[in-house]
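To start, the structure under review is shown below, and the notes come after it.
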Amino acid sequence: MTITVIPETFSFVSFDADSIRRIAGELAIELGLEDHAISIEVDETTPLARTTVAIDPHGSGEISIRADSGAFEDTRRPRHQSETATKTSLGRVLLRARDRLTGGFGQAPADDDLPLPRTAAWETYSIGRLERLGVPVNRQRWLYNFRNRHGFSDSGDTAFDRLWRSDNLTWDELGAISDEALAGARTGGPKSSGLSSAG
Amino acid sequence: MRKFFPVEELARDERFSSVNMKERFGDPRLPTSSDGSRSTFRLTPSRRDASDGARALMHGIFVGEIQALEGAGRTCFDFETENLGRTPGARTDEMAVPFALKLDMARQCWDEARHVEISVKLSDWMGTEIGQYAENTVLFEAACSSDPVLRLAGVNRALEGLAIDVFTTMKEFGDMAGDPYLEFCEDWMLADEVTHVKMGSDWLRKVTEKDPERRKNALEFQGIVDKLFSYGGTRSESQESPIGLARRFRELAGFSHDEVDSINELSLQALNERKVAVAQMRDADAFARASTPHSAPHSAQE
């Protein structure tokens, strides 16, 4: 499998291209994407954490990933790379790529055109699967992200659970769950339970 | 017990890591999208990274509250109490402070401790672990001055003033996102911060009533801290800044209209200086890259 990382050496951050390549390779094998060439372009000039993925429209099947440096960064040690963050960020986009490649997601807009609630729903679906692959994730972080996009409601939390536990959704099914959560937040009340009582 | 505690020795367990101002400003990255499409950086739910941005800011508030608690506690303890146990007419320590000032600092400690607990629960709610982000200890550094009046200016007016801006931004974020707890908690903490700033403004005036030079120095120090805490323009009225300037609440806390104007000017100045500094760092990097032989991206066949 061919994995390209750009840039090869970093000057704004202390990242390691070999480490990024290794993590991407391991994930590609786990996700059954080893037959696809993968290119990863890291924008090290911004600390933002956005990642996007596109599949070569000319049929080569090459997966092109663009990531802001914050996506791979250790928030405890600014400008240093985190193995877990790299794994989580690459895992999310590779799962999105696999969804696009394996069918059922043909109608999904390109990453840049995804509405925010759909992005959050797809993230939830992807992170849930990553957790089952053994990647350490903070479920509450993604629940908070989902709530910010679908409202803070019990019906929204139910939708989140369905997405998190799912394995074989299509784009339409994912959209329907997201729409249900949005509709529930509009018609239902706010959450019935809240902050933990732990000190 | 030791007085005037150094920042390097603040009690933190293994979950925490800290960065100083030099490291923070040494980061040549700017929070701009690679395609330059973003016109505003204000932290609102419409930002694609809104949830993570809010989580990071909430953690910043959490560690800020710990340091504010430590700072107010030190001010209670580090200085003598005016006229306490002295013979009437005896010379008082220049840096001694009225007992009522210490009482206000003790009340502030109580508030900050409550804010720490609220922040921990909010962080939990947002999916953030304690110590997940590096702690910038500059707040406590501003609370280490040997003159209590400088502490009032630097901590109560400049830093607690920044807290007013941050809490207002977070309160608005919670309101827009429909987060039932964030908006509520920030509103309550904001009320306390307005009180802390007001205490600072009142005591600064009172303690320096007969010493215009000391007051002038304190206000100059406040200006320095205000600029430092604009974090290169992180806080200003410009939409390029993630945190806005909460003009109304600042005025409630005793800032005059002109003072708020000048804080805004300082913040914008800091933002522009930061942009120039980053541009220079980037130019230097581009020059270094151009001067070294080009290496093609490496592909690995696995």
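Residues are referred to by chain and number: the chain letter is A, B, ... according to the order shown in the structure tokens, the number counts from 1 in that chain, and ligands are numbered separately from 1 in the order shown.
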Contacts of chain A with chain B up to 6 Å, shortest pair per row, only C-alpha atoms, as CSV:
residue,atom,partner,partner_atom,distance
A:Met1,CA,B:Gln301,CA,5.3
A:Thr2,CA,B:Gln301,CA,4.9
A:Ile3,CA,B:Ser299,CA,5.4
A:Thr4,CA,B:Ser299,CA,4.5
A:Ile6,CA,B:Pro297,CA,5.9
A:Glu8,CA,B:Pro297,CA,5.4
A:Thr45,CA,B:Arg29,CA,4.8
A:Thr46,CA,B:Arg29,CA,4.9
A:Pro47,CA,B:Pro31,CA,5.7
A:Leu48,CA,B:Pro31,CA,5.9
A:Thr75,CA,B:Tyr133,CA,4.8
A:Arg76,CA,B:Ala134,CA,4.4
A:Gln140,CA,B:Gly127,CA,4.4
A:Arg141,CA,B:Gly127,CA,3.8
A:Tyr144,CA,B:Met126,CA,5.4
A:Asn145,CA,B:Ser51,CA,5.4
A:Asn148,CA,B:Ala177,CA,5.7
Handout entry: Residues flagged alpha helix (DSSP H) by DSSP in segment 36-156 of chain A, as a PyMOL selection string
Key = chain A and resi 83-101+116-132+139-150+154-156
Problem - DSSP strand (DSSP E or B) residues within segment 58-174 of chain A, as number ranges by chain - result: A: 63-68, 73, 80-81
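Among the candidates A:Gly70, A:Pro136, A:Pro115, A:Gly184, the one nearest to Asp157 of chain A when counting only C-alpha atoms is A:Gly184.
Taking atom CA of Arg114 of chain B and atom CA of Ala11 of chain B as the two end points, the separation is 18.4 Å.
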Exercise for the section: Just the residues within 8 Å of segment 26-40 of chain A, please, counting only C-alpha atoms, with nothing from its chain fewer than 3 positions along; format it as a PyMOL selection string. Expected result: chain A and resi 1-6+22-23+61-67+87+90-91+94-95+98
So that I have them on file, write out the residues from the current selection with N, CA and C atoms, as an mmCIF file, in the first residue's frame.
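The new file result_39.cif reads:
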data_model
loop_
_atom_site.group_PDB
_atom_site.id
_atom_site.type_symbol
_atom_site.label_atom_id
_atom_site.label_comp_id
_atom_site.auth_asym_id
_atom_site.auth_seq_id
_atom_site.Cartn_x
_atom_site.Cartn_y
_atom_site.Cartn_z
ATOM 1 N N MET A 1 0.855 -1.187 0.000
ATOM 2 C CA MET A 1 0.000 0.000 0.000
ATOM 3 C C MET A 1 0.893 1.240 0.000
ATOM 4 N N THR A 2 0.455 2.255 -0.729
ATOM 5 C CA THR A 2 1.256 3.476 -0.826
ATOM 6 C C THR A 2 0.640 4.577 0.040
ATOM 7 N N ILE A 3 1.422 5.068 0.959
ATOM 8 C CA ILE A 3 0.934 6.151 1.819
ATOM 9 C C ILE A 3 1.915 7.318 1.728
ATOM 10 N N THR A 4 1.398 8.457 1.321
ATOM 11 C CA THR A 4 2.244 9.644 1.174
ATOM 12 C C THR A 4 1.867 10.671 2.232
ATOM 13 N N VAL A 5 2.881 11.230 2.879
ATOM 14 C CA VAL A 5 2.623 12.283 3.873
ATOM 15 C C VAL A 5 3.323 13.561 3.415
ATOM 16 N N ILE A 6 2.577 14.636 3.387
ATOM 17 C CA ILE A 6 3.121 15.947 3.014
ATOM 18 C C ILE A 6 2.846 16.918 4.164
ATOM 19 N N ARG A 22 2.763 5.273 9.609
ATOM 20 C CA ARG A 22 2.571 3.987 10.279
ATOM 21 C C ARG A 22 1.134 3.838 10.799
ATOM 22 N N ILE A 23 0.636 4.901 11.447
ATOM 23 C CA ILE A 23 -0.720 4.830 12.008
ATOM 24 C C ILE A 23 -1.742 4.673 10.881
ATOM 25 N N GLY A 61 -9.350 5.300 -6.976
ATOM 26 C CA GLY A 61 -9.653 4.900 -5.596
ATOM 27 C C GLY A 61 -8.712 5.507 -4.580
ATOM 28 N N GLU A 62 -7.844 6.422 -5.024
ATOM 29 C CA GLU A 62 -6.912 7.043 -4.071
ATOM 30 C C GLU A 62 -7.678 7.894 -3.046
ATOM 31 N N ILE A 63 -7.277 7.746 -1.797
ATOM 32 C CA ILE A 63 -7.919 8.487 -0.700
ATOM 33 C C ILE A 63 -7.032 9.680 -0.347
ATOM 34 N N SER A 64 -7.601 10.880 -0.483
ATOM 35 C CA SER A 64 -6.813 12.087 -0.164
ATOM 36 C C SER A 64 -7.331 12.720 1.114
ATOM 37 N N ILE A 65 -6.442 12.811 2.079
ATOM 38 C CA ILE A 65 -6.823 13.375 3.383
ATOM 39 C C ILE A 65 -6.112 14.705 3.572
ATOM 40 N N ARG A 66 -6.871 15.700 4.029
ATOM 41 C CA ARG A 66 -6.255 16.984 4.419
ATOM 42 C C ARG A 66 -6.531 17.187 5.908
ATOM 43 N N ALA A 67 -5.510 17.522 6.643
ATOM 44 C CA ALA A 67 -5.701 17.693 8.098
ATOM 45 C C ALA A 67 -4.989 18.950 8.575
ATOM 46 N N LYS A 87 -4.483 8.828 15.608
ATOM 47 C CA LYS A 87 -5.268 7.627 15.322
ATOM 48 C C LYS A 87 -6.757 7.964 15.199
ATOM 49 N N LEU A 90 -7.323 10.198 11.946
ATOM 50 C CA LEU A 90 -7.190 9.416 10.700
ATOM 51 C C LEU A 90 -8.270 8.335 10.641
ATOM 52 N N GLY A 91 -8.589 7.736 11.783
ATOM 53 C CA GLY A 91 -9.626 6.700 11.809
ATOM 54 C C GLY A 91 -10.966 7.229 11.341
ATOM 55 N N LEU A 94 -10.795 7.879 7.555
ATOM 56 C CA LEU A 94 -10.693 6.625 6.782
ATOM 57 C C LEU A 94 -12.024 5.866 6.830
ATOM 58 N N LEU A 95 -12.723 5.942 7.953
ATOM 59 C CA LEU A 95 -14.051 5.311 8.009
ATOM 60 C C LEU A 95 -15.013 6.028 7.066
ATOM 61 N N ARG A 98 -14.185 4.832 3.708
ATOM 62 C CA ARG A 98 -14.693 3.474 3.480
ATOM 63 C C ARG A 98 -16.201 3.501 3.238
#
